[in-house]
Amino acid sequence: MDRDELAAWLRLLETPNVGRESARKLLAAFGSPQAVLSATTAARQQVVSGETAKAFDELSETLLALIDTTAEWLAAGTEEAPRQILTLGDPGYPNALLETADPPLLLYLQGNSALLSTPSLAVVGSRNPTPQGKENARSFSAHLSQAGLTIVSGMAMGIDGAAHEGGLTGAGRTVAVVGTGLDRVYPRRHLELAHRIASQGLIISEYSLGMPPLPNNFPLRNRIISGLTRGTLVVEAALQSGSLITARLASEAGRDVFAIPGSIHSPQSRGCHALIKQGAKLVDSAQDVLDELPWHVSAATNAAAPTVDPDRGSDPLLQAIGFDPVNLDALVARTGWPAPQLSARLLELELAGEVARLPGQLFQRVSVG
């Protein structure tokens with residue numbers, strides 16, 4: 001994309017008072033951003049409102065600066081983490097996204113754009129998962145990536161971050177769809193993860209450089225996550241979770257929705273349970289997901305798939321904990337052990353990564369399989 005074409009696209013999409021729907025209508029009517037800008041105001045008024053049609057008559061200093069900044073950002077890409085812009089008519093635009101009701105007119109990319117054409121699965125869930133939920137996201141994603149699936153998520157805290165970590169361990173790698181401009185990392189705690197994804201996977205956004213993490217960006221971002229993939233796996237989600245938006249969009253597009261069940265007492269499992277009631281496929285291992293997918297995956301699928309809660313033998317304390325969060329008093333009652341002995345053993349299991357200590361002095365068994 002040369003500078004003139006870049007400038008035309010940014011003027012179409014970033015001119016004040018021109019929204020996404022107006023830009024789409026103008027592009028459909030005139031064929032290209034350059035043609036939209038070359039048309040008379042009267043001609044544009046046949047397609048959009050007078051205010052919108054006149055908005056292109058002036059080029060603001062702010063928009064000029066954005067054009068310069070974007071051109072510089074593109075030029076600063078490296079061999080390890082190349083940068084590019086894809087528009088709706090480009091040959092490299094992902095076909096799966098074209099099939100959706102509202103494909104972005106323009107995408108900013110940093111990393112390996114070839115991942116957009118690979119078999120992929122969305123893995124999403126709560127920003128505040130249980131330790132077990134976070135481990136499930138990582139281990140499921142690792143196995144699915146090793147089987148050749150690209151893991152797509154939103155780089156949020158919690159389940160998203162764990163999904164990306166798991167995806168990076170396999171051949172499928174991972175794609176992060178973010179709700180900011182690609183010159184920003186949100187949340188900042190994922191700065192190192194973002195650098196790894198840019199060099200080993202792909203980060204994409206429909207938002208221009210400089211765009212902050214506005215709340216309305218993230219529900220819109222979710223349509224890209226579901227649109228890029230042939231299925232969505234929800235690991236943990238509350239009833240009001242944004243992950244359910246992703247799952248709903250996937251279902252409306254006729255794509256598979258998978259959900260991992262959890263404790264009936266956990267608020268973070270209620271969203272998954274609701275999805276299962278609505279027809280989502282219940283899965284308790286990564287192999288369950290692979291068995292449902294219509295495409296061929298690599299021989300790595302023959303490796304042992306992680307399950308939600310593998311049995312790790314006959315440790316009496318793990319059996320007493322069960323699979324729901326539990327407090328010390330309940331464990332004393334279940335085991336009959338003195339509290340000091342019980343606390344010491346819990347610490348050993350915590351250090352071994354088999355038990356997590358939760359707020360409120362609760363303990364929960366964690367799958368490490």
# chains A, B, ... in the order shown; residues from 1 in each chain; ligands from 1

call {"tool": "residues_around", "arguments": {"residues": "segment 151-156 of chain A", "least_positions_apart": "3", "cutoff": "9 Å", "atoms": "only C-alpha atoms", "output": "VMD selection string"}}
result
chain A and resid 120 to 124 126 to 127 141 to 142 144 to 145 159 to 164 166 to 168 172 to 179 186 to 187 190 193 to 194 218 221 to 222 225 to 226 228 to 229 232

call {"tool": "residues_around", "arguments": {"residues": "segment 108-113 of chain A", "least_positions_apart": "3", "cutoff": "7 Å", "atoms": "only C-alpha atoms", "output": "PDB file with N, CA, C and O atoms, in the first residue's frame"}}
result
ATOM      1  N   ALA A  81       9.067  -9.222  13.141  1.00  0.00           N
ATOM      2  CA  ALA A  81       7.690  -8.813  13.403  1.00  0.00           C
ATOM      3  C   ALA A  81       7.252  -7.797  12.345  1.00  0.00           C
ATOM      4  O   ALA A  81       7.152  -6.598  12.614  1.00  0.00           O
ATOM      5  N   PRO A  82       7.001  -8.255  11.117  1.00  0.00           N
ATOM      6  CA  PRO A  82       6.607  -7.338  10.041  1.00  0.00           C
ATOM      7  C   PRO A  82       5.249  -6.698  10.319  1.00  0.00           C
ATOM      8  O   PRO A  82       4.412  -7.256  11.029  1.00  0.00           O
ATOM      9  N   ARG A  83       5.045  -5.521   9.716  1.00  0.00           N
ATOM     10  CA  ARG A  83       3.796  -4.786   9.887  1.00  0.00           C
ATOM     11  C   ARG A  83       3.151  -4.557   8.538  1.00  0.00           C
ATOM     12  O   ARG A  83       3.834  -4.289   7.555  1.00  0.00           O
ATOM     13  N   GLN A  84       1.841  -4.651   8.496  1.00  0.00           N
ATOM     14  CA  GLN A  84       1.134  -4.381   7.248  1.00  0.00           C
ATOM     15  C   GLN A  84      -0.312  -4.006   7.533  1.00  0.00           C
ATOM     16  O   GLN A  84      -0.800  -4.145   8.657  1.00  0.00           O
ATOM     17  N   ILE A  85      -0.987  -3.540   6.510  1.00  0.00           N
ATOM     18  CA  ILE A  85      -2.408  -3.230   6.573  1.00  0.00           C
ATOM     19  C   ILE A  85      -3.122  -4.044   5.515  1.00  0.00           C
ATOM     20  O   ILE A  85      -2.680  -4.109   4.365  1.00  0.00           O
ATOM     21  N   LEU A  86      -4.200  -4.696   5.909  1.00  0.00           N
ATOM     22  CA  LEU A  86      -5.038  -5.450   4.982  1.00  0.00           C
ATOM     23  C   LEU A  86      -6.373  -4.734   4.846  1.00  0.00           C
ATOM     24  O   LEU A  86      -6.982  -4.349   5.846  1.00  0.00           O
ATOM     25  N   LEU A 116      -3.491 -16.137   9.389  1.00  0.00           N
ATOM     26  CA  LEU A 116      -4.890 -15.825   9.110  1.00  0.00           C
ATOM     27  C   LEU A 116      -5.547 -16.864   8.202  1.00  0.00           C
ATOM     28  O   LEU A 116      -6.770 -16.924   8.124  1.00  0.00           O
ATOM     29  N   ALA A 198       3.935 -10.984  18.749  1.00  0.00           N
ATOM     30  CA  ALA A 198       4.297 -10.276  17.517  1.00  0.00           C
ATOM     31  C   ALA A 198       5.425 -10.983  16.775  1.00  0.00           C
ATOM     32  O   ALA A 198       5.467 -10.985  15.539  1.00  0.00           O
ATOM     33  N   SER A 199       6.341 -11.598  17.508  1.00  0.00           N
ATOM     34  CA  SER A 199       7.489 -12.244  16.861  1.00  0.00           C
ATOM     35  C   SER A 199       7.246 -13.712  16.539  1.00  0.00           C
ATOM     36  O   SER A 199       7.877 -14.273  15.635  1.00  0.00           O
ATOM     37  N   GLY A 201       3.787 -15.110  16.602  1.00  0.00           N
ATOM     38  CA  GLY A 201       2.414 -15.289  16.146  1.00  0.00           C
ATOM     39  C   GLY A 201       1.964 -14.059  15.385  1.00  0.00           C
ATOM     40  O   GLY A 201       2.672 -13.565  14.507  1.00  0.00           O
ATOM     41  N   LEU A 202       0.804 -13.522  15.746  1.00  0.00           N
ATOM     42  CA  LEU A 202       0.260 -12.371  15.031  1.00  0.00           C
ATOM     43  C   LEU A 202      -0.646 -11.571  15.968  1.00  0.00           C
ATOM     44  O   LEU A 202      -1.432 -12.142  16.721  1.00  0.00           O
ATOM     45  N   ILE A 203      -0.522 -10.236  15.915  1.00  0.00           N
ATOM     46  CA  ILE A 203      -1.437  -9.336  16.610  1.00  0.00           C
ATOM     47  C   ILE A 203      -2.180  -8.535  15.555  1.00  0.00           C
ATOM     48  O   ILE A 203      -1.569  -8.024  14.607  1.00  0.00           O
ATOM     49  N   ILE A 204      -3.502  -8.425  15.703  1.00  0.00           N
ATOM     50  CA  ILE A 204      -4.275  -7.657  14.737  1.00  0.00           C
ATOM     51  C   ILE A 204      -5.252  -6.732  15.448  1.00  0.00           C
ATOM     52  O   ILE A 204      -5.647  -6.967  16.590  1.00  0.00           O
ATOM     53  N   SER A 205      -5.640  -5.661  14.758  1.00  0.00           N
ATOM     54  CA  SER A 205      -6.616  -4.711  15.282  1.00  0.00           C
ATOM     55  C   SER A 205      -7.289  -4.002  14.116  1.00  0.00           C
ATOM     56  O   SER A 205      -6.677  -3.813  13.060  1.00  0.00           O
ATOM     57  N   GLU A 206      -8.535  -3.598  14.300  1.00  0.00           N
ATOM     58  CA  GLU A 206      -9.182  -2.736  13.311  1.00  0.00           C
ATOM     59  C   GLU A 206      -9.063  -1.272  13.700  1.00  0.00           C
ATOM     60  O   GLU A 206      -9.519  -0.394  12.963  1.00  0.00           O
TER      61      GLU A 206
END

call {"tool": "residues_around", "arguments": {"residues": "segment 43-58 of chain A", "least_positions_apart": "5", "cutoff": "7 Å", "atoms": "only C-alpha atoms", "output": "MDAnalysis selection string"}}
result
chainID A and resid 15:18 22 25:26 37

call {"tool": "write_last_selection", "arguments": {"atoms": "C-alpha atoms", "output": "PDB file, in the first residue's frame"}}
result
ATOM      1  CA  THR A  15     -12.651  11.472   9.306  1.00  0.00           C
ATOM      2  CA  PRO A  16     -14.826  12.855  12.135  1.00  0.00           C
ATOM      3  CA  ASN A  17     -18.578  12.313  11.708  1.00  0.00           C
ATOM      4  CA  VAL A  18     -18.038   9.343   9.388  1.00  0.00           C
ATOM      5  CA  SER A  22     -21.340   5.291   6.470  1.00  0.00           C
ATOM      6  CA  LYS A  25     -22.015   2.436   2.289  1.00  0.00           C
ATOM      7  CA  LEU A  26     -19.670   4.891   0.565  1.00  0.00           C
ATOM      8  CA  LEU A  37     -12.817  11.374  -1.991  1.00  0.00           C
TER       9      LEU A  37
END

call {"tool": "select_by_dssp", "arguments": {"residues": "segment 167-358 of chain A", "states": "helix (DSSP H, G or I)", "output": "NGL selection string"}}
result
:A and (167 or 188-200 or 217-228 or 243-252 or 267-277 or 286-292 or 299-302 or 316-321 or 328-335 or 339-351)

call {"tool": "select_by_dssp", "arguments": {"residues": "segment 56-295 of chain A", "states": "strand (DSSP E or B)", "output": "ChimeraX atom specification"}}
result
/A:83-87,106-111,120-124,150-153,174-177,202-205,231-234,256-259,281-282,285

call {"tool": "write_last_selection", "arguments": {"atoms": "C-alpha atoms", "output": "PDB file, in the first residue's frame"}}
result
ATOM      1  CA  ARG A  83       3.796  -4.786   9.887  1.00  0.00           C
ATOM      2  CA  GLN A  84       1.134  -4.381   7.248  1.00  0.00           C
ATOM      3  CA  ILE A  85      -2.408  -3.230   6.573  1.00  0.00           C
ATOM      4  CA  LEU A  86      -5.038  -5.450   4.982  1.00  0.00           C
ATOM      5  CA  THR A  87      -8.173  -4.010   3.396  1.00  0.00           C
ATOM      6  CA  LEU A 106      -9.261  -2.457   7.332  1.00  0.00           C
ATOM      7  CA  LEU A 107      -6.997  -4.486   9.617  1.00  0.00           C
ATOM      8  CA  TYR A 108      -3.625  -3.557  11.106  1.00  0.00           C
ATOM      9  CA  LEU A 109      -1.269  -6.545  11.439  1.00  0.00           C
ATOM     10  CA  GLN A 110       1.991  -7.166  13.229  1.00  0.00           C
ATOM     11  CA  GLY A 111       3.594 -10.585  12.914  1.00  0.00           C
ATOM     12  CA  SER A 120      -8.035 -21.806  14.021  1.00  0.00           C
ATOM     13  CA  LEU A 121     -10.052 -21.944  17.230  1.00  0.00           C
ATOM     14  CA  ALA A 122     -11.050 -19.102  19.535  1.00  0.00           C
ATOM     15  CA  VAL A 123     -10.311 -19.723  23.222  1.00  0.00           C
ATOM     16  CA  VAL A 124     -11.925 -17.140  25.497  1.00  0.00           C
ATOM     17  CA  THR A 150      -4.013 -21.582  15.655  1.00  0.00           C
ATOM     18  CA  ILE A 151      -5.335 -20.267  18.974  1.00  0.00           C
ATOM     19  CA  VAL A 152      -7.177 -16.945  18.654  1.00  0.00           C
ATOM     20  CA  SER A 153      -7.997 -14.805  21.681  1.00  0.00           C
ATOM     21  CA  THR A 174      -1.537 -17.823  18.349  1.00  0.00           C
ATOM     22  CA  VAL A 175      -3.334 -14.714  17.087  1.00  0.00           C
ATOM     23  CA  ALA A 176      -4.261 -11.845  19.421  1.00  0.00           C
ATOM     24  CA  VAL A 177      -7.140  -9.580  18.405  1.00  0.00           C
ATOM     25  CA  LEU A 202       0.260 -12.371  15.031  1.00  0.00           C
ATOM     26  CA  ILE A 203      -1.437  -9.336  16.610  1.00  0.00           C
ATOM     27  CA  ILE A 204      -4.275  -7.657  14.737  1.00  0.00           C
ATOM     28  CA  SER A 205      -6.616  -4.711  15.282  1.00  0.00           C
ATOM     29  CA  GLY A 231     -15.175 -22.623  16.507  1.00  0.00           C
ATOM     30  CA  THR A 232     -15.066 -20.991  19.937  1.00  0.00           C
ATOM     31  CA  LEU A 233     -14.084 -22.670  23.213  1.00  0.00           C
ATOM     32  CA  VAL A 234     -15.305 -20.916  26.376  1.00  0.00           C
ATOM     33  CA  ASP A 256     -19.035 -24.601  16.667  1.00  0.00           C
ATOM     34  CA  VAL A 257     -19.267 -23.504  20.298  1.00  0.00           C
ATOM     35  CA  PHE A 258     -17.587 -25.559  23.008  1.00  0.00           C
ATOM     36  CA  ALA A 259     -17.756 -25.056  26.776  1.00  0.00           C
ATOM     37  CA  LYS A 281     -20.808 -28.916  23.075  1.00  0.00           C
ATOM     38  CA  LEU A 282     -19.631 -29.955  26.546  1.00  0.00           C
ATOM     39  CA  SER A 285     -10.550 -32.727  27.161  1.00  0.00           C
TER      40      SER A 285
END

call {"tool": "atom_distance", "arguments": {"atom1": "atom CA of Leu220 of chain A", "atom2": "atom CA of Trp9 of chain A"}}
result
19.9 Å
